[in-house]
$ cat coords-v7.cif   # mmCIF, C-alpha atoms
data_entry
loop_
_atom_site.label_atom_id
_atom_site.label_comp_id
_atom_site.auth_asym_id
_atom_site.auth_seq_id
_atom_site.Cartn_x
_atom_site.Cartn_y
_atom_site.Cartn_z
CA MET A 21 14.73 11.20 24.04
CA ILE A 22 13.89 8.20 21.90
CA LYS A 23 16.95 6.22 20.81
CA GLY A 24 17.72 3.03 18.92
CA LYS A 25 14.31 2.78 17.26
CA ASP A 26 13.20 2.34 13.67
CA ILE A 27 11.20 5.25 12.22
CA ILE A 28 9.44 5.48 8.86
CA VAL A 29 8.92 9.06 7.68
CA HIS A 30 6.72 10.01 4.73
CA GLY A 31 4.55 12.89 3.61
CA LEU A 32 3.70 15.39 0.91
CA GLN A 33 7.28 16.16 -0.10
CA SER A 34 10.07 13.91 -1.26
CA LEU A 35 13.63 13.97 0.00
CA ASP A 36 14.83 15.24 -3.39
CA SER A 37 12.31 18.10 -3.49
CA PRO A 38 14.02 21.36 -4.49
CA ILE A 39 12.08 23.40 -1.90
CA GLY A 40 12.75 21.38 1.27
CA SER A 41 10.25 20.79 4.06
CA ASN A 42 9.78 20.35 7.79
CA CYS A 43 9.47 16.62 7.22
CA VAL A 44 12.95 16.36 5.69
CA ASN A 45 14.55 18.35 8.51
CA LEU A 46 12.78 16.24 11.13
CA ALA A 47 13.88 13.01 9.44
CA TYR A 48 17.54 14.00 9.58
CA GLU A 49 17.14 14.89 13.25
CA PHE A 50 15.41 11.57 13.99
CA ALA A 51 18.31 9.78 12.28
CA LYS A 52 20.86 11.14 14.75
CA ASN A 53 19.72 8.54 17.29
CA ASN A 54 17.50 6.12 15.32
CA ARG A 55 17.31 4.27 12.02
CA VAL A 56 15.13 6.17 9.56
CA LEU A 57 13.49 5.20 6.29
CA TYR A 58 12.36 8.31 4.41
CA VAL A 59 9.70 7.37 1.87
CA ASN A 60 9.17 9.65 -1.13
CA TYR A 61 5.56 9.91 -2.22
CA PRO A 62 4.75 7.67 -5.22
CA LEU A 63 4.40 8.88 -8.78
CA ASP A 64 0.82 9.23 -10.00
CA ARG A 65 -0.26 8.35 -13.52
CA LEU A 66 -1.19 11.85 -14.66
CA THR A 67 2.15 13.28 -13.52
CA SER A 68 4.03 10.45 -15.22
CA ILE A 69 2.42 11.49 -18.52
CA ARG A 70 2.32 15.27 -18.23
CA HIS A 71 5.80 15.68 -16.80
CA ARG A 72 7.61 12.70 -18.28
CA SER A 73 10.49 14.95 -19.46
CA ASP A 74 11.14 16.20 -15.90
CA ASP A 75 14.34 14.71 -14.43
CA LEU A 76 12.66 13.79 -11.13
CA VAL A 77 9.86 11.97 -13.00
CA LYS A 78 12.36 10.24 -15.30
CA LYS A 79 14.20 8.90 -12.27
CA ARG A 80 11.02 7.48 -10.78
CA LEU A 81 10.01 5.87 -14.07
CA ASN A 82 13.43 4.24 -14.33
CA ILE A 83 12.99 2.84 -10.82
CA ILE A 84 9.53 1.49 -11.67
CA LYS A 85 11.00 -0.16 -14.79
CA GLY A 86 13.78 -1.72 -12.70
CA LYS A 87 16.54 0.30 -14.35
CA GLU A 88 17.57 1.98 -11.10
CA ASN A 89 17.59 0.96 -7.45
CA GLY A 90 14.72 2.56 -5.56
CA LEU A 91 16.40 2.27 -2.16
CA VAL A 92 19.22 4.76 -1.57
CA ARG A 93 21.39 4.88 1.53
CA ILE A 94 21.78 8.47 2.74
CA ASN A 95 24.09 7.81 5.70
CA ASP A 96 24.78 5.14 8.33
CA SER A 97 21.30 5.43 9.85
CA MET A 98 19.06 6.78 7.07
CA TRP A 99 17.67 5.41 3.80
CA ASN A 100 15.51 6.98 1.10
CA LEU A 101 12.88 4.92 -0.71
CA PHE A 102 11.47 5.70 -4.17
CA PRO A 103 8.34 3.50 -4.31
CA ASP A 104 8.32 1.32 -7.44
CA VAL A 105 4.63 1.93 -8.16
CA ILE A 106 2.37 4.34 -10.03
CA LEU A 107 -0.82 5.41 -8.27
CA GLU A 108 -4.01 6.35 -10.09
CA SER A 109 -4.73 10.09 -10.32
CA ILE A 110 -8.05 10.39 -8.52
CA ASN A 111 -8.19 13.80 -6.83
CA GLN A 112 -10.67 15.28 -9.33
CA ILE A 113 -13.22 12.51 -8.71
CA THR A 114 -16.17 14.02 -6.83
CA TYR A 115 -18.25 10.86 -6.30
CA ARG A 116 -17.21 9.83 -2.80
CA PRO A 117 -17.76 6.04 -3.02
CA LEU A 118 -15.65 5.83 -6.17
CA PHE A 119 -12.93 8.05 -4.74
CA THR A 120 -12.83 5.97 -1.55
CA PHE A 121 -12.64 2.70 -3.49
CA LEU A 122 -9.80 3.87 -5.73
CA ASN A 123 -7.98 5.50 -2.82
CA ASN A 124 -8.03 2.20 -0.92
CA LEU A 125 -6.47 0.50 -3.95
CA ASN A 126 -3.79 3.18 -4.10
CA ASN A 127 -3.13 2.71 -0.37
CA LYS A 128 -2.61 -1.03 -0.79
CA LYS A 129 -0.26 -0.58 -3.73
CA TYR A 130 1.77 2.10 -1.93
CA ALA A 131 1.92 0.20 1.36
CA LYS A 132 3.05 -2.99 -0.38
CA SER A 133 6.11 -1.20 -1.79
CA VAL A 134 6.95 0.21 1.67
CA ALA A 135 6.41 -3.19 3.35
CA GLN A 136 8.93 -4.85 1.02
CA THR A 137 11.57 -2.32 2.07
CA ILE A 138 10.69 -2.69 5.75
CA ARG A 139 11.42 -6.40 5.47
CA LYS A 140 14.63 -5.78 3.53
CA LEU A 141 15.95 -3.38 6.16
CA GLU A 142 14.63 -5.62 8.97
CA PHE A 143 12.86 -2.76 10.71
CA LYS A 144 11.11 -3.91 13.90
CA ASP A 145 8.53 -2.28 16.20
CA TYR A 146 8.74 0.82 14.07
CA ILE A 147 7.19 4.24 14.44
CA ILE A 148 5.41 5.72 11.42
CA PHE A 149 5.60 9.51 11.14
CA ASN A 150 3.14 10.84 8.55
CA ASP A 151 3.47 14.44 7.41
CA SER A 152 -0.02 15.41 6.21
CA ASP A 153 -0.42 12.56 3.67
CA PHE A 154 -4.02 11.81 4.60
CA THR A 155 -5.24 10.22 1.37
CA ARG A 156 -2.45 8.06 -0.08
CA ALA A 157 -1.48 6.79 3.37
CA LEU A 158 -4.88 6.70 5.05
CA ASN A 159 -4.64 2.96 5.72
CA PHE A 160 -0.93 2.63 6.53
CA LYS A 161 -1.61 1.92 10.19
CA ASP A 162 -3.99 -0.92 9.31
CA ILE A 163 -1.73 -2.44 6.62
CA LEU A 164 1.79 -1.87 7.99
CA LYS A 165 0.86 -2.26 11.68
CA PRO A 166 3.43 0.04 13.29
CA LYS A 167 4.17 0.08 16.99
CA VAL A 168 3.13 3.75 17.04
CA SER A 169 1.54 5.88 14.32
CA VAL A 170 2.11 9.65 14.47
CA TYR A 171 0.26 12.14 12.29
CA TYR A 172 2.00 15.50 11.84
CA THR A 173 0.00 18.60 10.89
CA ARG A 174 2.01 21.72 10.06
CA ASP A 175 -0.26 23.50 7.59
CA ASN A 176 -4.02 23.75 7.14
CA MET A 177 -3.88 21.54 4.05
CA ARG A 178 -7.65 20.96 3.97
CA ALA A 179 -8.08 24.64 3.10
CA THR A 180 -5.98 24.42 -0.06
CA ASP A 181 -7.66 24.19 -3.46
CA TYR A 182 -6.15 20.77 -4.17
CA PHE A 183 -7.48 19.11 -1.02
CA ARG A 184 -10.76 21.01 -0.65
CA LYS A 185 -12.91 18.20 -2.09
CA HIS A 186 -11.82 15.38 0.20
CA GLY A 187 -9.33 16.88 2.65
CA ALA A 188 -11.35 17.47 5.81
CA ARG A 189 -13.07 14.08 5.71
CA PHE A 190 -9.89 12.09 5.13
CA GLU A 191 -7.64 14.11 7.42
CA ASP A 192 -10.14 13.75 10.27
CA ALA A 193 -10.31 10.00 9.63
CA LEU A 194 -6.53 9.62 9.68
CA MET A 195 -6.07 11.80 12.77
CA GLN A 196 -8.74 9.77 14.54
CA LYS A 197 -7.10 6.42 13.81
CA SER A 198 -3.53 7.62 14.55
CA ASP A 199 -2.10 6.94 18.00
CA LEU A 200 -1.31 10.63 18.35
CA VAL A 201 -1.22 13.88 16.42
CA VAL A 202 1.54 16.48 16.71
CA ALA A 203 1.08 20.03 15.44
CA ASN A 204 3.41 22.98 14.89
CA SER A 205 0.73 25.51 15.85
CA VAL A 206 -1.85 25.75 18.61
CA TYR A 207 -4.54 26.43 16.01
CA LEU A 208 -3.85 23.14 14.20
CA GLN A 209 -3.62 21.28 17.51
CA LYS A 210 -7.15 22.44 18.36
CA ILE A 211 -8.46 21.15 15.02
CA ALA A 212 -6.80 17.78 15.68
CA LYS A 213 -8.04 17.57 19.27
CA LYS A 214 -11.64 17.57 18.07
CA VAL A 215 -11.10 14.06 16.68
CA ASN A 216 -8.11 12.78 18.68
CA PRO A 217 -7.60 13.67 22.36
CA HIS A 218 -3.92 12.71 22.03
CA SER A 219 -3.06 15.84 20.03
CA TYR A 220 -0.07 17.92 21.09
CA TYR A 221 1.54 21.22 20.20
CA VAL A 222 5.25 20.61 19.54
CA GLY A 223 6.39 23.94 18.13
CA GLN A 224 8.56 24.43 15.09
CA GLY A 225 12.19 23.87 14.26
CA CYS A 226 14.38 26.14 12.15
CA ASP A 227 17.92 26.14 10.82
CA LEU A 228 19.12 29.62 11.66
CA THR A 229 22.80 29.09 10.81
CA LEU A 230 22.72 31.73 8.06
CA PHE A 231 20.88 34.27 10.18
CA ASN A 232 23.68 35.19 12.56
CA PRO A 233 24.19 38.91 13.23
CA ASN A 234 27.77 38.23 14.31
CA THR A 235 28.74 36.96 10.85
CA VAL A 236 26.53 39.13 8.61
CA LYS A 237 28.19 42.52 8.18
CA GLU A 238 27.58 43.84 4.66
CA ILE A 239 24.39 45.44 3.35
CA PRO A 240 23.81 44.93 -0.42
CA SER A 241 24.77 47.99 -2.46
CA GLU A 242 21.36 48.23 -4.17
CA LEU A 243 19.92 49.33 -0.82
CA ASN A 244 22.40 52.18 -0.32
CA ASP A 245 20.16 54.83 -1.84
CA ILE A 246 16.96 53.71 -0.13
CA LYS A 247 15.86 56.10 2.58
CA VAL A 248 15.58 54.91 6.19
CA PRO A 249 13.71 53.73 8.14
CA ILE A 250 13.31 50.54 6.12
CA ILE A 251 10.30 48.35 6.82
CA GLY A 252 11.07 45.05 5.13
CA TYR A 253 9.63 41.68 4.17
CA ILE A 254 11.43 38.58 2.89
CA GLY A 255 9.51 35.71 1.29
CA ALA A 256 7.14 34.82 -1.51
CA LEU A 257 4.80 37.69 -2.33
CA LYS A 258 1.52 35.80 -2.65
CA SER A 259 -1.84 37.52 -2.31
CA SER A 260 -3.30 34.36 -0.78
CA ARG A 261 -0.93 34.75 2.16
CA LEU A 262 -0.12 38.47 2.37
CA ASP A 263 -2.49 41.42 2.71
CA ILE A 264 -1.75 43.85 -0.14
CA LYS A 265 -4.15 46.39 1.38
CA THR A 266 -2.19 46.44 4.64
CA ILE A 267 1.11 47.07 2.83
CA THR A 268 -0.52 49.80 0.74
CA TYR A 269 -2.01 51.47 3.83
CA ILE A 270 1.37 51.57 5.60
CA ALA A 271 3.15 52.96 2.54
CA LYS A 272 0.56 55.71 2.01
CA ALA A 273 0.26 56.58 5.71
CA LYS A 274 4.03 56.99 6.06
CA PRO A 275 5.56 58.21 2.78
CA ASP A 276 8.86 58.88 4.59
CA TRP A 277 9.22 55.17 5.37
CA SER A 278 10.71 52.82 2.77
CA ILE A 279 8.88 49.54 2.24
CA VAL A 280 11.30 46.91 0.90
CA LEU A 281 9.83 43.66 -0.43
CA ILE A 282 12.17 40.78 -1.29
CA GLY A 283 10.83 37.71 -3.08
CA PRO A 284 8.98 36.51 -6.18
CA GLU A 285 5.59 38.10 -6.92
CA ASP A 286 2.33 36.46 -7.95
CA GLU A 287 0.08 38.11 -10.55
CA GLN A 288 -1.91 40.11 -7.98
CA PHE A 289 1.25 41.67 -6.57
CA LYS A 290 2.65 42.35 -10.04
CA HIS A 291 -0.47 44.32 -10.97
CA SER A 292 -1.08 45.99 -7.60
CA ASP A 293 -0.97 49.73 -6.87
CA LEU A 294 2.14 49.10 -4.78
CA HIS A 295 4.20 49.44 -7.95
CA HIS A 296 3.01 53.03 -8.30
CA LEU A 297 4.13 54.11 -4.82
CA LYS A 298 7.55 55.79 -4.72
CA ASN A 299 8.42 54.47 -1.26
CA VAL A 300 7.74 50.80 -2.09
CA HIS A 301 10.75 48.93 -3.47
CA PHE A 302 10.48 45.48 -5.06
CA MET A 303 13.86 43.77 -4.95
CA GLY A 304 12.81 40.48 -6.56
CA PRO A 305 13.94 37.00 -5.43
CA LYS A 306 17.44 36.63 -3.97
CA PRO A 307 19.71 33.61 -3.31
CA ILE A 308 19.05 32.23 0.15
CA ASP A 309 22.61 32.89 1.33
CA GLN A 310 22.14 36.62 0.59
CA LEU A 311 18.88 37.03 2.52
CA PRO A 312 20.55 37.79 5.88
CA ASN A 313 22.45 40.68 4.24
CA TYR A 314 19.19 42.24 3.08
CA LEU A 315 17.59 41.62 6.47
CA LEU A 316 20.51 43.42 8.10
CA SER A 317 19.33 46.67 6.48
CA PHE A 318 15.81 46.51 7.95
CA ASP A 319 14.87 48.81 10.81
CA VAL A 320 11.70 46.77 11.24
CA ALA A 321 10.85 43.41 9.67
CA PHE A 322 7.17 42.72 9.09
CA ASN A 323 4.82 39.92 8.08
CA PRO A 324 1.54 41.47 6.88
CA GLN A 325 -0.25 38.15 6.77
CA ALA A 326 -3.69 37.84 5.26
CA VAL A 327 -5.99 36.04 7.70
CA ASN A 328 -7.91 33.25 5.96
CA PRO A 329 -8.41 29.49 6.38
CA LEU A 330 -5.18 28.82 4.47
CA THR A 331 -2.97 31.01 6.66
CA ILE A 332 -4.56 31.24 10.08
CA GLY A 333 -2.89 28.12 11.47
CA ASN A 334 0.49 28.61 9.81
CA TYR A 335 3.71 28.88 11.78
CA PRO A 336 5.72 31.55 9.89
CA ARG A 337 9.35 30.42 9.98
CA LYS A 338 10.41 33.79 8.63
CA ILE A 339 9.60 35.28 12.07
CA ASP A 340 12.35 33.17 13.63
CA GLU A 341 14.75 34.30 10.90
CA TYR A 342 13.88 37.93 11.57
CA LEU A 343 14.32 37.49 15.33
CA ALA A 344 17.57 35.54 14.92
CA MET A 345 19.07 38.71 13.39
CA GLY A 346 17.83 40.70 16.39
CA LYS A 347 15.34 42.66 14.33
CA ALA A 348 12.24 44.38 15.67
CA VAL A 349 9.31 42.45 14.20
CA ILE A 350 5.67 43.30 13.63
CA ALA A 351 3.17 40.75 12.36
CA THR A 352 -0.55 40.20 12.02
CA LYS A 353 -2.09 39.00 15.27
CA THR A 354 -3.27 35.38 15.04
CA GLU A 355 -3.57 32.53 17.51
CA THR A 356 -0.35 31.01 16.17
CA MET A 357 1.54 34.28 16.61
CA GLU A 358 0.67 34.36 20.31
CA VAL A 359 3.77 32.20 20.81
CA PHE A 360 5.83 35.25 19.79
CA LYS A 361 3.90 37.91 21.72
CA ASP A 362 6.76 38.70 24.15
CA TYR A 363 9.22 39.27 21.30
CA CYS A 364 7.09 40.68 18.46
CA TYR A 365 4.56 43.46 18.03
CA LEU A 366 1.21 41.99 16.94
CA ALA A 367 -1.24 44.14 14.99
CA SER A 368 -4.98 43.61 14.59
CA GLY A 369 -5.56 46.19 11.86
CA ASN A 370 -3.94 48.65 9.47
CA GLU A 371 -3.89 51.61 11.86
CA GLU A 372 -2.35 49.47 14.58
CA TYR A 373 0.32 48.32 12.13
CA VAL A 374 1.45 51.92 11.67
CA GLN A 375 1.31 52.66 15.41
CA LEU A 376 3.28 49.56 16.35
CA ILE A 377 5.94 50.09 13.69
CA GLU A 378 6.50 53.56 15.15
CA LYS A 379 6.68 52.05 18.62
CA ALA A 380 9.10 49.33 17.49
CA ILE A 381 11.47 51.93 16.02
CA VAL A 382 11.41 54.06 19.18
CA GLU A 383 11.75 51.19 21.66
CA ASN A 384 14.47 49.24 19.87
CA SER A 385 17.56 48.53 21.96
CA LYS A 386 20.55 46.21 22.19
CA GLU A 387 18.89 44.38 25.10
CA LYS A 388 15.72 43.73 23.11
CA ALA A 389 17.76 42.52 20.15
CA GLU A 390 19.65 40.03 22.33
CA ALA A 391 16.39 38.72 23.83
CA ARG A 392 14.97 38.18 20.33
CA ILE A 393 18.09 36.31 19.22
CA ASN A 394 18.03 33.99 22.24
CA PHE A 395 14.33 33.27 21.76
CA ALA A 396 14.85 32.37 18.09
CA LYS A 397 17.70 30.03 19.02
CA SER A 398 15.32 28.02 21.21
CA HIS A 399 13.44 26.98 18.05
CA SER A 400 16.01 24.45 16.89
CA TRP A 401 15.20 21.19 15.11
CA GLU A 402 16.70 19.35 18.10
CA ASN A 403 14.25 21.01 20.50
CA ASN A 404 11.38 20.42 18.07
CA VAL A 405 12.16 16.70 17.83
CA ASN A 406 12.49 16.41 21.60
CA GLU A 407 8.95 17.79 21.94
CA ILE A 408 7.76 15.19 19.42
CA TYR A 409 9.50 12.47 21.42
CA LYS A 410 7.83 13.69 24.64
CA SER A 411 4.45 13.48 22.93
CA ILE A 412 5.09 9.96 21.67
CA LEU A 413 6.14 8.82 25.15
CA LYS A 414 2.93 10.20 26.65
CA VAL A 415 0.96 7.80 24.47
CA ALA A 416 3.46 4.93 24.29
CA PRO A 417 5.69 5.12 27.38
CA ASN A 418 7.14 1.66 26.74
CA ILE A 419 8.16 2.26 23.14
#
$ encode --input "coords-v7.cif" --output "structure tokens"
Amino acid sequence: MIKGKDIIVHGLQSLDSPIGSNCVNLAYEFAKNNRVLYVNYPLDRLTSIRHRSDDLVKKRLNIIKGKENGLVRINDSMWNLFPDVILESINQITYRPLFTFLNNLNNKKYAKSVAQTIRKLEFKDYIIFNDSDFTRALNFKDILKPKVSVYYTRDNMRATDYFRKHGARFEDALMQKSDLVVANSVYLQKIAKKVNPHSYYVGQGCDLTLFNPNTVKEIPSELNDIKVPIIGYIGALKSSRLDIKTITYIAKAKPDWSIVLIGPEDEQFKHSDLHHLKNVHFMGPKPIDQLPNYLLSFDVAFNPQAVNPLTIGNYPRKIDEYLAMGKAVIATKTETMEVFKDYCYLASGNEEYVQLIEKAIVENSKEKAEARINFAKSHSWENNVNEIYKSILKVAPNI
């Protein structure tokens, strides 16, 4: 446990983001025993022009103009900073020397705004916790001089389209200069360890309050006429992350099974052959508080993940949600999913998916359900933060 320290948290998502993030959850957990400054990422010039009518952009522009206070107190031990600067939009620049030069200028401007707040709050000997912001905050350690700098990797960001030009080079540079790197998957830890020997796997936290089989009793009426067994998925239906061919194979191989898919579809899913299969049911997106009720109806929950550079290192939080409801779970076998191997069925191909779903249905029991629930409960934000603290203390025992 680390207590009574000052921690600066920043990353790729702001505290007022509508979609939430690991970084936000971790910050609130840090703040239970430490003072925390959560820094929203700065506005960039292109966004300030293109999205000037957006309420979140308007707020940031008002702060930059001095019309609103950029430092907001969240609770007794946590503050949120809206930096009062606009950074230049440089991601599309391909000429490396120019990109590096402009990125250094952005870093200085951004760090100056953070430094002013550090002085105002009188933070001392602080820890900087950086969630995957490897360009805008590349030089924070050099400029802000923290007691300990922690880089957090929880997604293979360098594989995304946005970061493909400069991501690997800059992320490697930041991981190398950080005092330590913490990762939520073994796959990402191995990438980090190539450049920083102080790289640790810390697992993943989840808020499973909603996913409690003791409080969820009612199955939505729209599922009443769907034939069992139900093989279900909850989450965004994106072809970049899910294997449409695997879902199609399962549905065709077992026409007596019902495949229930809950979540918004991308264009590939909307135009896929799945919509022509009678045993595949698209339910569309649902309010988050209703998801456990839909999950209650599943005989087997599955995650037919596509294996590619974008997904291979991901920790799928939905697996913990499935397990927290005691559900039998089958997922694509990856290095990250090895953590779940004693509680999930892991498939290496389409035929094995079908075989293991059959096995999961046959083997299901009350005892197995209870074991899954207990395992999911171990993945709390408190436990996740304690693993991060342990990693920090390995590198800086006198913090």
$ resolve_selection --input "coords-v7.cif" --expression "the PyMOL selection byres ((chain A and resi 323-340) around 9)" --output "ChimeraX atom specification"
/A:174-180,204-208,223-226,228,252-255,259-264,266-267,321-322,341-345,349-357,360,364,367,373,392-393,395-397,399
$ resolve_selection --input "coords-v7.cif" --expression "the PyMOL selection byres ((chain A and resi 127-136) around 9)" --output "MDAnalysis selection string"
chainID A and resid 59 61:62 101 103:107 122:126 137:141 155:160 163:164
$ residues_around --input "coords-v7.cif" --residues "Ser198 of chain A" --least-positions-apart "6" --cutoff "7 Å" --atoms "only C-alpha atoms" --output "list of chain:residue names"
A:Ser169, A:Val170, A:Tyr171
$ residues_around --input "coords-v7.cif" --residues "Glu383 of chain A" --least-positions-apart "6" --cutoff "12 Å" --atoms "all atoms listed in the file" --output "list in words"
Asp319, Val320, Lys347, Ala348, Val349, Cys364, Tyr365, Leu376, Ile377 and Ala389 of chain A
$ resolve_selection --input "coords-v7.cif" --expression "the PyMOL selection byres ((chain A and resi 46-57) around 6)" --output "list of chain:residue names"
A:Lys23, A:Gly24, A:Lys25, A:Asp26, A:Ile27, A:Ile28, A:Cys43, A:Val44, A:Asn45, A:Tyr58, A:Ser97, A:Met98, A:Trp99, A:Asn100
$ atom_distance --input "coords-v7.cif" --atom1 "atom CA of Glu387 of chain A" --atom2 "atom CA of Tyr363 of chain A"
11.6 Å
$ residues_around --input "coords-v7.cif" --residues "Lys78 of chain A" --least-positions-apart "3" --cutoff "12 Å" --atoms "all atoms listed in the file" --output "VMD selection string"
chain A and resid 63 67 to 75 81 to 85 87 to 88
$ atom_distance --input "coords-v7.cif" --atom1 "atom CA of Phe190 of chain A" --atom2 "atom CA of Leu32 of chain A"
14.6 Å
$ axis_aligned_box --input "coords-v7.cif" --around "segment 48-62 of chain A" --padding-each-side "5 Å" --output "lines of an AutoDock Vina configuration file"
center_x = 12.8
center_y = 9.6
center_z = 6.0
size_x = 26.1
size_y = 20.6
size_z = 32.5
$ atom_distance --input "coords-v7.cif" --atom1 "atom CA of Ile113 of chain A" --atom2 "atom CA of Phe183 of chain A"
11.6 Å
$ residues_around --input "coords-v7.cif" --residues "Lys167 of chain A" --least-positions-apart "4" --cutoff "9 Å" --atoms "only C-alpha atoms" --output "ChimeraX atom specification"
/A:144-148,416,419
$ write_last_selection --input "coords-v7.cif" --atoms "C-alpha atoms" --output "PDB file, keeping the file's coordinate frame"
ATOM      1  CA  LYS A 144      11.110  -3.910  13.900  1.00  0.00           C
ATOM      2  CA  ASP A 145       8.530  -2.280  16.200  1.00  0.00           C
ATOM      3  CA  TYR A 146       8.740   0.820  14.070  1.00  0.00           C
ATOM      4  CA  ILE A 147       7.190   4.240  14.440  1.00  0.00           C
ATOM      5  CA  ILE A 148       5.410   5.720  11.420  1.00  0.00           C
ATOM      6  CA  ALA A 416       3.460   4.930  24.290  1.00  0.00           C
ATOM      7  CA  ILE A 419       8.160   2.260  23.140  1.00  0.00           C
TER       8      ILE A 419
END
$ residues_near_point --input "coords-v7.cif" --point "(-9.3, 7.8, 11.6)" --cutoff "10 Å" --atoms "all atoms listed in the file" --output "PDB file with C-alpha atoms, in the frame of the given file"
ATOM      1  CA  PHE A 154      -4.020  11.810   4.600  1.00  0.00           C
ATOM      2  CA  LEU A 158      -4.880   6.700   5.050  1.00  0.00           C
ATOM      3  CA  ASN A 159      -4.640   2.960   5.720  1.00  0.00           C
ATOM      4  CA  LYS A 161      -1.610   1.920  10.190  1.00  0.00           C
ATOM      5  CA  ARG A 189     -13.070  14.080   5.710  1.00  0.00           C
ATOM      6  CA  PHE A 190      -9.890  12.090   5.130  1.00  0.00           C
ATOM      7  CA  GLU A 191      -7.640  14.110   7.420  1.00  0.00           C
ATOM      8  CA  ASP A 192     -10.140  13.750  10.270  1.00  0.00           C
ATOM      9  CA  ALA A 193     -10.310  10.000   9.630  1.00  0.00           C
ATOM     10  CA  LEU A 194      -6.530   9.620   9.680  1.00  0.00           C
ATOM     11  CA  MET A 195      -6.070  11.800  12.770  1.00  0.00           C
ATOM     12  CA  GLN A 196      -8.740   9.770  14.540  1.00  0.00           C
ATOM     13  CA  LYS A 197      -7.100   6.420  13.810  1.00  0.00           C
ATOM     14  CA  SER A 198      -3.530   7.620  14.550  1.00  0.00           C
ATOM     15  CA  ASP A 199      -2.100   6.940  18.000  1.00  0.00           C
ATOM     16  CA  VAL A 215     -11.100  14.060  16.680  1.00  0.00           C
ATOM     17  CA  ASN A 216      -8.110  12.780  18.680  1.00  0.00           C
TER      18      ASN A 216
END
$ closest_residue --input "coords-v7.cif" --among "A:Leu316, A:Val405, A:Val92, A:Val359" --to "Ile250 of chain A" --atoms "only C-alpha atoms"
A:Leu316
$ residues_near_point --input "coords-v7.cif" --point "(24.6, 44.5, -2.9)" --cutoff "12 Å" --atoms "all atoms listed in the file" --output "number ranges by chain"
A: 237-245, 303, 306-307, 310-314, 316-317
$ closest_residue --input "coords-v7.cif" --among "A:Arg93, A:Lys247, A:Arg65, A:Lys79" --to "Phe318 of chain A" --atoms "only C-alpha atoms"
A:Lys247
$ closest_residue --input "coords-v7.cif" --among "A:Gly31, A:Asp276, A:Ile282, A:Asp227" --to "Asn403 of chain A" --atoms "all atoms listed in the file"
A:Asp227
$ closest_residue --input "coords-v7.cif" --among "A:Val248, A:Leu366, A:Val222, A:Leu230" --to "Ala203 of chain A" --atoms "all atoms listed in the file"
A:Val222
$ residues_around --input "coords-v7.cif" --residues "Gly304 of chain A" --least-positions-apart "3" --cutoff "9 Å" --atoms "only C-alpha atoms" --output "PyMOL selection string"
chain A and resi 281-285
$ decode --input "coords-v7.cif" --residues "segment 119-130 of chain A" --atoms "N, CA and C atoms" --output "PDB file, in the first residue's frame"
ATOM      1  N   PHE A 119       7.915  16.434 -37.076  1.00  0.00           N
ATOM      2  CA  PHE A 119       6.982  15.944 -36.060  1.00  0.00           C
ATOM      3  C   PHE A 119       7.616  16.012 -34.676  1.00  0.00           C
ATOM      4  N   THR A 120       8.866  15.563 -34.568  1.00  0.00           N
ATOM      5  CA  THR A 120       9.565  15.574 -33.281  1.00  0.00           C
ATOM      6  C   THR A 120       9.718  16.985 -32.739  1.00  0.00           C
ATOM      7  N   PHE A 121      10.076  17.931 -33.594  1.00  0.00           N
ATOM      8  CA  PHE A 121      10.249  19.318 -33.187  1.00  0.00           C
ATOM      9  C   PHE A 121       8.940  19.897 -32.653  1.00  0.00           C
ATOM     10  N   LEU A 122       7.863  19.722 -33.403  1.00  0.00           N
ATOM     11  CA  LEU A 122       6.569  20.264 -32.981  1.00  0.00           C
ATOM     12  C   LEU A 122       6.034  19.540 -31.754  1.00  0.00           C
ATOM     13  N   ASN A 123       6.292  18.237 -31.666  1.00  0.00           N
ATOM     14  CA  ASN A 123       5.839  17.489 -30.490  1.00  0.00           C
ATOM     15  C   ASN A 123       6.542  17.963 -29.226  1.00  0.00           C
ATOM     16  N   ASN A 124       7.826  18.294 -29.337  1.00  0.00           N
ATOM     17  CA  ASN A 124       8.551  18.835 -28.182  1.00  0.00           C
ATOM     18  C   ASN A 124       7.963  20.164 -27.739  1.00  0.00           C
ATOM     19  N   LEU A 125       7.572  20.999 -28.701  1.00  0.00           N
ATOM     20  CA  LEU A 125       6.920  22.268 -28.348  1.00  0.00           C
ATOM     21  C   LEU A 125       5.592  22.019 -27.648  1.00  0.00           C
ATOM     22  N   ASN A 126       4.814  21.075 -28.161  1.00  0.00           N
ATOM     23  CA  ASN A 126       3.550  20.722 -27.511  1.00  0.00           C
ATOM     24  C   ASN A 126       3.779  20.231 -26.087  1.00  0.00           C
ATOM     25  N   ASN A 127       4.798  19.391 -25.909  1.00  0.00           N
ATOM     26  CA  ASN A 127       5.141  18.871 -24.582  1.00  0.00           C
ATOM     27  C   ASN A 127       5.424  20.000 -23.595  1.00  0.00           C
ATOM     28  N   LYS A 128       6.221  20.960 -24.026  1.00  0.00           N
ATOM     29  CA  LYS A 128       6.580  22.085 -23.145  1.00  0.00           C
ATOM     30  C   LYS A 128       5.355  22.901 -22.751  1.00  0.00           C
ATOM     31  N   LYS A 129       4.497  23.144 -23.723  1.00  0.00           N
ATOM     32  CA  LYS A 129       3.287  23.936 -23.466  1.00  0.00           C
ATOM     33  C   LYS A 129       2.361  23.203 -22.487  1.00  0.00           C
ATOM     34  N   TYR A 130       2.175  21.924 -22.736  1.00  0.00           N
ATOM     35  CA  TYR A 130       1.320  21.088 -21.891  1.00  0.00           C
ATOM     36  C   TYR A 130       1.894  20.989 -20.474  1.00  0.00           C
TER      37      TYR A 130
END
